[in-house]
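Here is the file query-v8.json (JSON, N, CA and C atoms).
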[["chain", "number", "residue", "atom", "x", "y", "z"],
["P", 29, "MET", "N", 82.67, 79.01, 148.55],
["P", 29, "MET", "CA", 82.61, 78.60, 147.16],
["P", 29, "MET", "C", 82.91, 77.10, 147.08],
["P", 30, "THR", "N", 82.07, 76.38, 146.39],
["P", 30, "THR", "CA", 82.28, 74.95, 146.25],
["P", 30, "THR", "C", 83.07, 74.67, 144.98],
["P", 31, "THR", "N", 83.85, 73.63, 145.06],
["P", 31, "THR", "CA", 84.66, 73.23, 143.91],
["P", 31, "THR", "C", 83.95, 72.11, 143.17],
["P", 32, "ILE", "N", 83.78, 72.28, 141.89],
["P", 32, "ILE", "CA", 83.16, 71.25, 141.06],
["P", 32, "ILE", "C", 84.28, 70.33, 140.57],
["P", 33, "THR", "N", 84.15, 69.06, 140.91],
["P", 33, "THR", "CA", 85.19, 68.10, 140.58],
["P", 33, "THR", "C", 84.97, 67.50, 139.20],
["P", 34, "TRP", "N", 86.01, 66.89, 138.68],
["P", 34, "TRP", "CA", 85.91, 66.21, 137.39],
["P", 34, "TRP", "C", 84.98, 65.02, 137.48],
["P", 35, "ARG", "N", 84.91, 64.41, 138.65],
["P", 35, "ARG", "CA", 84.00, 63.27, 138.82],
["P", 35, "ARG", "C", 82.54, 63.72, 138.67],
["P", 36, "TYR", "N", 82.23, 64.85, 139.26],
["P", 36, "TYR", "CA", 80.88, 65.40, 139.13],
["P", 36, "TYR", "C", 80.56, 65.76, 137.68],
["P", 37, "ARG", "N", 81.51, 66.43, 137.03],
["P", 37, "ARG", "CA", 81.30, 66.80, 135.63],
["P", 37, "ARG", "C", 81.16, 65.57, 134.74],
["P", 38, "GLY", "N", 81.94, 64.54, 135.02],
["P", 38, "GLY", "CA", 81.82, 63.29, 134.26],
["P", 38, "GLY", "C", 80.47, 62.63, 134.46],
["P", 39, "GLY", "N", 79.97, 62.68, 135.70],
["P", 39, "GLY", "CA", 78.65, 62.12, 135.98],
["P", 39, "GLY", "C", 77.55, 62.85, 135.25],
["P", 40, "VAL", "N", 77.64, 64.16, 135.21],
["P", 40, "VAL", "CA", 76.63, 64.96, 134.50],
["P", 40, "VAL", "C", 76.72, 64.69, 132.99],
["P", 41, "THR", "N", 77.95, 64.58, 132.49],
["P", 41, "THR", "CA", 78.13, 64.29, 131.06],
["P", 41, "THR", "C", 77.57, 62.92, 130.71],
["P", 42, "ALA", "N", 77.85, 61.92, 131.57],
["P", 42, "ALA", "CA", 77.34, 60.57, 131.32],
["P", 42, "ALA", "C", 75.82, 60.55, 131.35],
["P", 43, "ARG", "N", 75.24, 61.28, 132.30],
["P", 43, "ARG", "CA", 73.78, 61.35, 132.36],
["P", 43, "ARG", "C", 73.20, 62.04, 131.13],
["P", 44, "ALA", "N", 73.86, 63.11, 130.67],
["P", 44, "ALA", "CA", 73.38, 63.82, 129.49],
["P", 44, "ALA", "C", 73.42, 62.92, 128.26],
["P", 45, "VAL", "N", 74.51, 62.17, 128.12],
["P", 45, "VAL", "CA", 74.61, 61.25, 126.98],
["P", 45, "VAL", "C", 73.55, 60.16, 127.07],
["P", 46, "ALA", "N", 73.37, 59.62, 128.29],
["P", 46, "ALA", "CA", 72.34, 58.58, 128.47],
["P", 46, "ALA", "C", 70.95, 59.15, 128.22],
["P", 47, "ALA", "N", 70.71, 60.37, 128.65],
["P", 47, "ALA", "CA", 69.38, 60.97, 128.47],
["P", 47, "ALA", "C", 69.10, 61.30, 127.01],
["P", 48, "ILE", "N", 70.08, 61.93, 126.35],
["P", 48, "ILE", "CA", 69.85, 62.35, 124.97],
["P", 48, "ILE", "C", 69.88, 61.15, 124.02],
["P", 49, "GLY", "N", 70.98, 60.43, 124.02],
["P", 49, "GLY", "CA", 71.13, 59.30, 123.11],
["P", 49, "GLY", "C", 70.26, 58.12, 123.49],
["P", 50, "GLY", "N", 70.32, 57.73, 124.77],
["P", 50, "GLY", "CA", 69.54, 56.59, 125.22],
["P", 50, "GLY", "C", 68.05, 56.85, 125.17],
["P", 51, "GLY", "N", 67.66, 58.08, 125.50],
["P", 51, "GLY", "CA", 66.24, 58.42, 125.42],
["P", 51, "GLY", "C", 65.71, 58.33, 124.01],
["P", 52, "TYR", "N", 66.52, 58.79, 123.06],
["P", 52, "TYR", "CA", 66.12, 58.71, 121.65],
["P", 52, "TYR", "C", 65.97, 57.25, 121.21],
["P", 53, "VAL", "N", 66.95, 56.43, 121.59],
["P", 53, "VAL", "CA", 66.91, 55.01, 121.21],
["P", 53, "VAL", "C", 65.71, 54.33, 121.84],
["P", 54, "LEU", "N", 65.47, 54.58, 123.13],
["P", 54, "LEU", "CA", 64.33, 53.95, 123.79],
["P", 54, "LEU", "C", 63.01, 54.41, 123.19],
["P", 55, "ALA", "N", 62.90, 55.69, 122.88],
["P", 55, "ALA", "CA", 61.66, 56.19, 122.27],
["P", 55, "ALA", "C", 61.44, 55.58, 120.89],
["P", 56, "ALA", "N", 62.51, 55.45, 120.12],
["P", 56, "ALA", "CA", 62.39, 54.86, 118.78],
["P", 56, "ALA", "C", 62.02, 53.38, 118.86],
["P", 57, "LEU", "N", 62.69, 52.63, 119.74],
["P", 57, "LEU", "CA", 62.39, 51.21, 119.87],
["P", 57, "LEU", "C", 60.97, 51.00, 120.39],
["P", 58, "ALA", "N", 60.58, 51.78, 121.39],
["P", 58, "ALA", "CA", 59.22, 51.64, 121.94],
["P", 58, "ALA", "C", 58.18, 52.02, 120.89],
["P", 59, "GLY", "N", 58.45, 53.07, 120.14],
["P", 59, "GLY", "CA", 57.51, 53.47, 119.09],
["P", 59, "GLY", "C", 57.34, 52.39, 118.03],
["P", 60, "ALA", "N", 58.45, 51.79, 117.63],
["P", 60, "ALA", "CA", 58.37, 50.73, 116.62],
["P", 60, "ALA", "C", 57.63, 49.51, 117.17],
["P", 61, "LEU", "N", 57.91, 49.17, 118.42],
["P", 61, "LEU", "CA", 57.25, 48.01, 119.03],
["P", 61, "LEU", "C", 55.75, 48.26, 119.20],
["P", 62, "ILE", "N", 55.39, 49.44, 119.64],
["P", 62, "ILE", "CA", 53.98, 49.77, 119.81],
["P", 62, "ILE", "C", 53.26, 49.77, 118.46],
["P", 63, "ALA", "N", 53.91, 50.30, 117.43],
["P", 63, "ALA", "CA", 53.29, 50.33, 116.10],
["P", 63, "ALA", "C", 53.03, 48.92, 115.59],
["P", 64, "LEU", "N", 53.95, 48.01, 115.86],
["P", 64, "LEU", "CA", 53.74, 46.63, 115.41],
["P", 64, "LEU", "C", 52.72, 45.88, 116.26],
["P", 65, "ALA", "N", 52.61, 46.25, 117.53],
["P", 65, "ALA", "CA", 51.75, 45.50, 118.45],
["P", 65, "ALA", "C", 50.29, 45.94, 118.41],
["P", 66, "LEU", "N", 50.02, 47.17, 117.99],
["P", 66, "LEU", "CA", 48.64, 47.65, 118.00],
["P", 66, "LEU", "C", 47.82, 46.99, 116.89],
["P", 67, "PRO", "N", 46.64, 46.50, 117.24],
["P", 67, "PRO", "CA", 45.77, 45.87, 116.22],
["P", 67, "PRO", "C", 44.91, 46.89, 115.50],
["P", 68, "LEU", "N", 45.56, 47.82, 114.85],
["P", 68, "LEU", "CA", 44.88, 48.89, 114.11],
["P", 68, "LEU", "C", 45.42, 48.93, 112.69],
["P", 69, "PRO", "N", 44.75, 49.68, 111.81],
["P", 69, "PRO", "CA", 45.36, 49.91, 110.50],
["P", 69, "PRO", "C", 46.75, 50.54, 110.66],
["P", 70, "ARG", "N", 47.63, 50.26, 109.72],
["P", 70, "ARG", "CA", 49.03, 50.66, 109.85],
["P", 70, "ARG", "C", 49.21, 52.15, 110.11],
["P", 71, "ALA", "N", 48.50, 52.99, 109.40],
["P", 71, "ALA", "CA", 48.64, 54.44, 109.57],
["P", 71, "ALA", "C", 48.23, 54.88, 110.97],
["P", 72, "ASP", "N", 47.14, 54.32, 111.48],
["P", 72, "ASP", "CA", 46.69, 54.67, 112.83],
["P", 72, "ASP", "C", 47.67, 54.18, 113.89],
["P", 73, "ALA", "N", 48.18, 52.97, 113.72],
["P", 73, "ALA", "CA", 49.12, 52.41, 114.68],
["P", 73, "ALA", "C", 50.41, 53.22, 114.72],
["P", 74, "VAL", "N", 50.90, 53.63, 113.57],
["P", 74, "VAL", "CA", 52.12, 54.43, 113.52],
["P", 74, "VAL", "C", 51.89, 55.81, 114.13],
["P", 75, "THR", "N", 50.75, 56.40, 113.89],
["P", 75, "THR", "CA", 50.45, 57.72, 114.46],
["P", 75, "THR", "C", 50.39, 57.65, 115.98],
["P", 76, "ILE", "N", 49.69, 56.67, 116.51],
["P", 76, "ILE", "CA", 49.59, 56.52, 117.96],
["P", 76, "ILE", "C", 50.96, 56.20, 118.56],
["P", 77, "ALA", "N", 51.72, 55.34, 117.93],
["P", 77, "ALA", "CA", 53.04, 54.99, 118.44],
["P", 77, "ALA", "C", 53.98, 56.19, 118.43],
["P", 78, "THR", "N", 53.90, 57.01, 117.41],
["P", 78, "THR", "CA", 54.73, 58.21, 117.34],
["P", 78, "THR", "C", 54.36, 59.19, 118.44],
["P", 79, "LEU", "N", 53.08, 59.38, 118.66],
["P", 79, "LEU", "CA", 52.65, 60.28, 119.73],
["P", 79, "LEU", "C", 53.09, 59.76, 121.10],
["P", 80, "LEU", "N", 53.02, 58.46, 121.30],
["P", 80, "LEU", "CA", 53.47, 57.89, 122.58],
["P", 80, "LEU", "C", 54.98, 57.99, 122.74],
["P", 81, "SER", "N", 55.72, 57.91, 121.65],
["P", 81, "SER", "CA", 57.17, 58.05, 121.76],
["P", 81, "SER", "C", 57.56, 59.46, 122.18],
["P", 82, "PHE", "N", 56.74, 60.46, 121.84],
["P", 82, "PHE", "CA", 56.99, 61.83, 122.29],
["P", 82, "PHE", "C", 56.76, 61.97, 123.80],
["P", 83, "VAL", "N", 56.05, 61.04, 124.40],
["P", 83, "VAL", "CA", 55.87, 61.02, 125.85],
["P", 83, "VAL", "C", 57.01, 60.22, 126.51],
["P", 84, "ILE", "N", 57.43, 59.16, 125.86],
["P", 84, "ILE", "CA", 58.47, 58.29, 126.42],
["P", 84, "ILE", "C", 59.80, 59.01, 126.53],
["P", 85, "TYR", "N", 60.16, 59.79, 125.53],
["P", 85, "TYR", "CA", 61.46, 60.46, 125.50],
["P", 85, "TYR", "C", 61.68, 61.38, 126.72],
["P", 86, "PRO", "N", 60.78, 62.30, 127.02],
["P", 86, "PRO", "CA", 61.02, 63.13, 128.20],
["P", 86, "PRO", "C", 60.95, 62.34, 129.51],
["P", 87, "CYS", "N", 60.17, 61.27, 129.54],
["P", 87, "CYS", "CA", 60.13, 60.44, 130.75],
["P", 87, "CYS", "C", 61.48, 59.77, 131.00],
["P", 88, "VAL", "N", 62.12, 59.31, 129.95],
["P", 88, "VAL", "CA", 63.46, 58.73, 130.08],
["P", 88, "VAL", "C", 64.44, 59.79, 130.56],
["P", 89, "ILE", "N", 64.36, 60.97, 130.00],
["P", 89, "ILE", "CA", 65.26, 62.06, 130.41],
["P", 89, "ILE", "C", 65.07, 62.38, 131.89],
["P", 90, "LEU", "N", 63.84, 62.49, 132.33],
["P", 90, "LEU", "CA", 63.57, 62.76, 133.74],
["P", 90, "LEU", "C", 64.10, 61.64, 134.63],
["P", 91, "TRP", "N", 63.89, 60.40, 134.22],
["P", 91, "TRP", "CA", 64.35, 59.27, 135.02],
["P", 91, "TRP", "C", 65.87, 59.24, 135.13],
["P", 92, "VAL", "N", 66.57, 59.51, 134.03],
["P", 92, "VAL", "CA", 68.03, 59.48, 134.04],
["P", 92, "VAL", "C", 68.58, 60.48, 135.05],
["P", 93, "PHE", "N", 68.01, 61.68, 135.10],
["P", 93, "PHE", "CA", 68.52, 62.69, 136.03],
["P", 93, "PHE", "C", 67.96, 62.53, 137.44],
["P", 94, "ALA", "N", 66.98, 61.67, 137.63],
["P", 94, "ALA", "CA", 66.43, 61.43, 138.96],
["P", 94, "ALA", "C", 67.08, 60.25, 139.67],
["P", 95, "THR", "N", 67.82, 59.43, 138.96],
["P", 95, "THR", "CA", 68.44, 58.26, 139.58],
["P", 95, "THR", "C", 69.57, 58.68, 140.49],
["P", 96, "GLY", "N", 69.98, 57.76, 141.34],
["P", 96, "GLY", "CA", 71.00, 58.05, 142.33],
["P", 96, "GLY", "C", 72.40, 58.21, 141.78],
["P", 97, "SER", "N", 72.72, 57.55, 140.69],
["P", 97, "SER", "CA", 74.07, 57.64, 140.13],
["P", 97, "SER", "C", 74.02, 57.57, 138.61],
["P", 98, "ALA", "N", 75.09, 58.05, 138.00],
["P", 98, "ALA", "CA", 75.18, 58.00, 136.54],
["P", 98, "ALA", "C", 75.30, 56.56, 136.06],
["P", 99, "LEU", "N", 75.99, 55.73, 136.83],
["P", 99, "LEU", "CA", 76.12, 54.32, 136.44],
["P", 99, "LEU", "C", 74.77, 53.63, 136.41],
["P", 100, "ARG", "N", 73.95, 53.87, 137.41],
["P", 100, "ARG", "CA", 72.62, 53.27, 137.45],
["P", 100, "ARG", "C", 71.77, 53.76, 136.28],
["P", 101, "ALA", "N", 71.92, 55.03, 135.92],
["P", 101, "ALA", "CA", 71.17, 55.57, 134.80],
["P", 101, "ALA", "C", 71.60, 54.91, 133.49],
["P", 102, "CYS", "N", 72.92, 54.77, 133.29],
["P", 102, "CYS", "CA", 73.41, 54.15, 132.05],
["P", 102, "CYS", "C", 73.02, 52.68, 131.96],
["P", 103, "VAL", "N", 73.13, 51.97, 133.08],
["P", 103, "VAL", "CA", 72.76, 50.55, 133.08],
["P", 103, "VAL", "C", 71.26, 50.39, 132.85],
["P", 104, "GLY", "N", 70.47, 51.25, 133.46],
["P", 104, "GLY", "CA", 69.02, 51.19, 133.27],
["P", 104, "GLY", "C", 68.60, 51.44, 131.84],
["P", 105, "VAL", "N", 69.20, 52.45, 131.22],
["P", 105, "VAL", "CA", 68.87, 52.76, 129.83],
["P", 105, "VAL", "C", 69.34, 51.63, 128.91],
["P", 106, "ALA", "N", 70.53, 51.10, 129.16],
["P", 106, "ALA", "CA", 71.04, 50.01, 128.32],
["P", 106, "ALA", "C", 70.20, 48.75, 128.48],
["P", 107, "THR", "N", 69.78, 48.45, 129.69],
["P", 107, "THR", "CA", 68.94, 47.27, 129.93],
["P", 107, "THR", "C", 67.58, 47.42, 129.26],
["P", 108, "ALA", "N", 66.97, 48.58, 129.43],
["P", 108, "ALA", "CA", 65.67, 48.82, 128.79],
["P", 108, "ALA", "C", 65.80, 48.76, 127.27],
["P", 109, "GLY", "N", 66.88, 49.31, 126.73],
["P", 109, "GLY", "CA", 67.10, 49.25, 125.29],
["P", 109, "GLY", "C", 67.29, 47.83, 124.78],
["P", 110, "ALA", "N", 68.03, 47.03, 125.56],
["P", 110, "ALA", "CA", 68.24, 45.63, 125.16],
["P", 110, "ALA", "C", 66.93, 44.85, 125.20],
["P", 111, "LEU", "N", 66.13, 45.08, 126.24],
["P", 111, "LEU", "CA", 64.83, 44.38, 126.34],
["P", 111, "LEU", "C", 63.89, 44.79, 125.21],
["P", 112, "LEU", "N", 63.79, 46.09, 124.96],
["P", 112, "LEU", "CA", 62.93, 46.55, 123.87],
["P", 112, "LEU", "C", 63.43, 46.06, 122.51],
["P", 113, "GLY", "N", 64.74, 46.06, 122.33],
["P", 113, "GLY", "CA", 65.30, 45.56, 121.07],
["P", 113, "GLY", "C", 65.03, 44.08, 120.87],
["P", 114, "ALA", "N", 65.15, 43.30, 121.94],
["P", 114, "ALA", "CA", 64.86, 41.87, 121.85],
["P", 114, "ALA", "C", 63.39, 41.62, 121.56],
["P", 115, "MET", "N", 62.53, 42.39, 122.23],
["P", 115, "MET", "CA", 61.10, 42.23, 121.97],
["P", 115, "MET", "C", 60.74, 42.62, 120.55],
["P", 116, "LEU", "N", 61.34, 43.69, 120.07],
["P", 116, "LEU", "CA", 61.09, 44.12, 118.70],
["P", 116, "LEU", "C", 61.60, 43.10, 117.70],
["P", 117, "TRP", "N", 62.75, 42.52, 117.98],
["P", 117, "TRP", "CA", 63.31, 41.47, 117.12],
["P", 117, "TRP", "C", 62.38, 40.25, 117.08],
["P", 118, "LEU", "N", 61.85, 39.87, 118.26],
["P", 118, "LEU", "CA", 60.94, 38.71, 118.31],
["P", 118, "LEU", "C", 59.63, 38.99, 117.58],
["P", 119, "VAL", "N", 59.07, 40.17, 117.78],
["P", 119, "VAL", "CA", 57.82, 40.52, 117.11],
["P", 119, "VAL", "C", 58.03, 40.68, 115.61],
["P", 120, "GLY", "N", 59.13, 41.30, 115.24],
["P", 120, "GLY", "CA", 59.44, 41.50, 113.82],
["P", 120, "GLY", "C", 59.76, 40.20, 113.12],
["P", 121, "GLY", "N", 60.34, 39.25, 113.85],
["P", 121, "GLY", "CA", 60.70, 37.96, 113.25],
["P", 121, "GLY", "C", 59.49, 37.08, 113.01],
["P", 122, "THR", "N", 58.42, 37.28, 113.77],
["P", 122, "THR", "CA", 57.24, 36.43, 113.61],
["P", 122, "THR", "C", 56.18, 37.09, 112.74],
["P", 123, "ALA", "N", 56.36, 38.38, 112.43],
["P", 123, "ALA", "CA", 55.32, 39.08, 111.66],
["P", 123, "ALA", "C", 55.43, 38.78, 110.19]]
Just give me the structure as structure tokens.
Amino acid sequence: MTTITWRYRGGVTARAVAAIGGGYVLAALAGALIALALPLPRADAVTIATLLSFVIYPCVILWVFATGSALRACVGVATAGALLGAMLWLVGGTA
């Protein structure tokens, strides 16, 4: 019988938080950025961006649990969120 340590449980919890919360944030930021960047009528751009965000969210979840450590997963999600947020801020500021 193997013993599950608190370190392991903490890593799984950190990954779950990064996957659920971070995945939602990344999908929302990417969807907003895609909607603003597409040269289509607003309704079409928002529809396409929303559909793509439904693909981005599970991809983030898969990536978080496929990485080597929980720290790498959290740093990766935070970095991607910061980059997408900065890009959205720049695009939104010039629009």
Query - Close residues, range 89-102 of chain P itself excluded, 8 Å, only C-alpha atoms, min 4 positions apart in chain, as a list in words - result: Gly39, Val40, Ala42, Arg43, Ala46, Ala47, Ile48, Gly51, Tyr85 and Ala106 of chain P
Kindly save the residues from that selection, with N, CA and C atoms included, as a PDB file, in the coordinates of the input.
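Okay, this is what ended up in out21.pdb:
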ATOM      1  N   GLY P  39      79.970  62.680 135.700  1.00  0.00           N
ATOM      2  CA  GLY P  39      78.650  62.120 135.980  1.00  0.00           C
ATOM      3  C   GLY P  39      77.550  62.850 135.250  1.00  0.00           C
ATOM      4  N   VAL P  40      77.640  64.160 135.210  1.00  0.00           N
ATOM      5  CA  VAL P  40      76.630  64.960 134.500  1.00  0.00           C
ATOM      6  C   VAL P  40      76.720  64.690 132.990  1.00  0.00           C
ATOM      7  N   ALA P  42      77.850  61.920 131.570  1.00  0.00           N
ATOM      8  CA  ALA P  42      77.340  60.570 131.320  1.00  0.00           C
ATOM      9  C   ALA P  42      75.820  60.550 131.350  1.00  0.00           C
ATOM     10  N   ARG P  43      75.240  61.280 132.300  1.00  0.00           N
ATOM     11  CA  ARG P  43      73.780  61.350 132.360  1.00  0.00           C
ATOM     12  C   ARG P  43      73.200  62.040 131.130  1.00  0.00           C
ATOM     13  N   ALA P  46      73.370  59.620 128.290  1.00  0.00           N
ATOM     14  CA  ALA P  46      72.340  58.580 128.470  1.00  0.00           C
ATOM     15  C   ALA P  46      70.950  59.150 128.220  1.00  0.00           C
ATOM     16  N   ALA P  47      70.710  60.370 128.650  1.00  0.00           N
ATOM     17  CA  ALA P  47      69.380  60.970 128.470  1.00  0.00           C
ATOM     18  C   ALA P  47      69.100  61.300 127.010  1.00  0.00           C
ATOM     19  N   ILE P  48      70.080  61.930 126.350  1.00  0.00           N
ATOM     20  CA  ILE P  48      69.850  62.350 124.970  1.00  0.00           C
ATOM     21  C   ILE P  48      69.880  61.150 124.020  1.00  0.00           C
ATOM     22  N   GLY P  51      67.660  58.080 125.500  1.00  0.00           N
ATOM     23  CA  GLY P  51      66.240  58.420 125.420  1.00  0.00           C
ATOM     24  C   GLY P  51      65.710  58.330 124.010  1.00  0.00           C
ATOM     25  N   TYR P  85      60.160  59.790 125.530  1.00  0.00           N
ATOM     26  CA  TYR P  85      61.460  60.460 125.500  1.00  0.00           C
ATOM     27  C   TYR P  85      61.680  61.380 126.720  1.00  0.00           C
ATOM     28  N   ALA P 106      70.530  51.100 129.160  1.00  0.00           N
ATOM     29  CA  ALA P 106      71.040  50.010 128.320  1.00  0.00           C
ATOM     30  C   ALA P 106      70.200  48.750 128.480  1.00  0.00           C
TER      31      ALA P 106
END
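Distance-wise, atom C of Leu66 in chain P and CA of Leu80 in chain P end up 13.5 Å apart.
Residue nearest Val105 in chain P, chosen from P:Ala44, P:Ala73, P:Ala63, P:Ile32 and counting only C-alpha atoms: P:Ala44.
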Query raised in the report: How would you write, as an MDAnalysis selection string, the set of residues in range 59-97 of chain P that DSSP gives as helix (DSSP H, G or I)?
Result: chainID P and resid 59:65 70:94
Requested in this report: Please indicate the distance in Å from atom N of Ile84 in chain P to CA of Leu64 in chain P, rounded to one decimal place.
Outcome: 16.7 Å
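Of the residues under consideration (P:Pro69, P:Gly38, P:Gly120, P:Gly113), P:Gly113 shows the shortest atom-to-atom contact distance to Ala56 in chain P when counting only C-alpha atoms.
Interatomic distance, CA of Gly49 in chain P to atom C of Ala110 in chain P: 15.2 Å.
Between Leu79 in chain P and the residues P:Gly50, P:Gly109, P:Gly59, P:Gly104, the shortest atom-to-atom distance, using only N, CA and C atoms, involves P:Gly59.
Using only N, CA and C atoms for every distance, the candidate list P:Val119, P:Leu68, P:Val103, P:Ala58 yields P:Ala58 as the residue closest to Ser81 in chain P.
With distances restricted to only N, CA and C atoms, P:Leu116 is the closest residue to Ile62 in chain P from P:Val83, P:Leu116, P:Ala108, P:Val45.
You can rank P:Ala60, P:Leu111, P:Leu118, P:Cys87 by their closest distance to Val74 in chain P using all atoms listed in the file, and at the top of that list sits P:Ala60.
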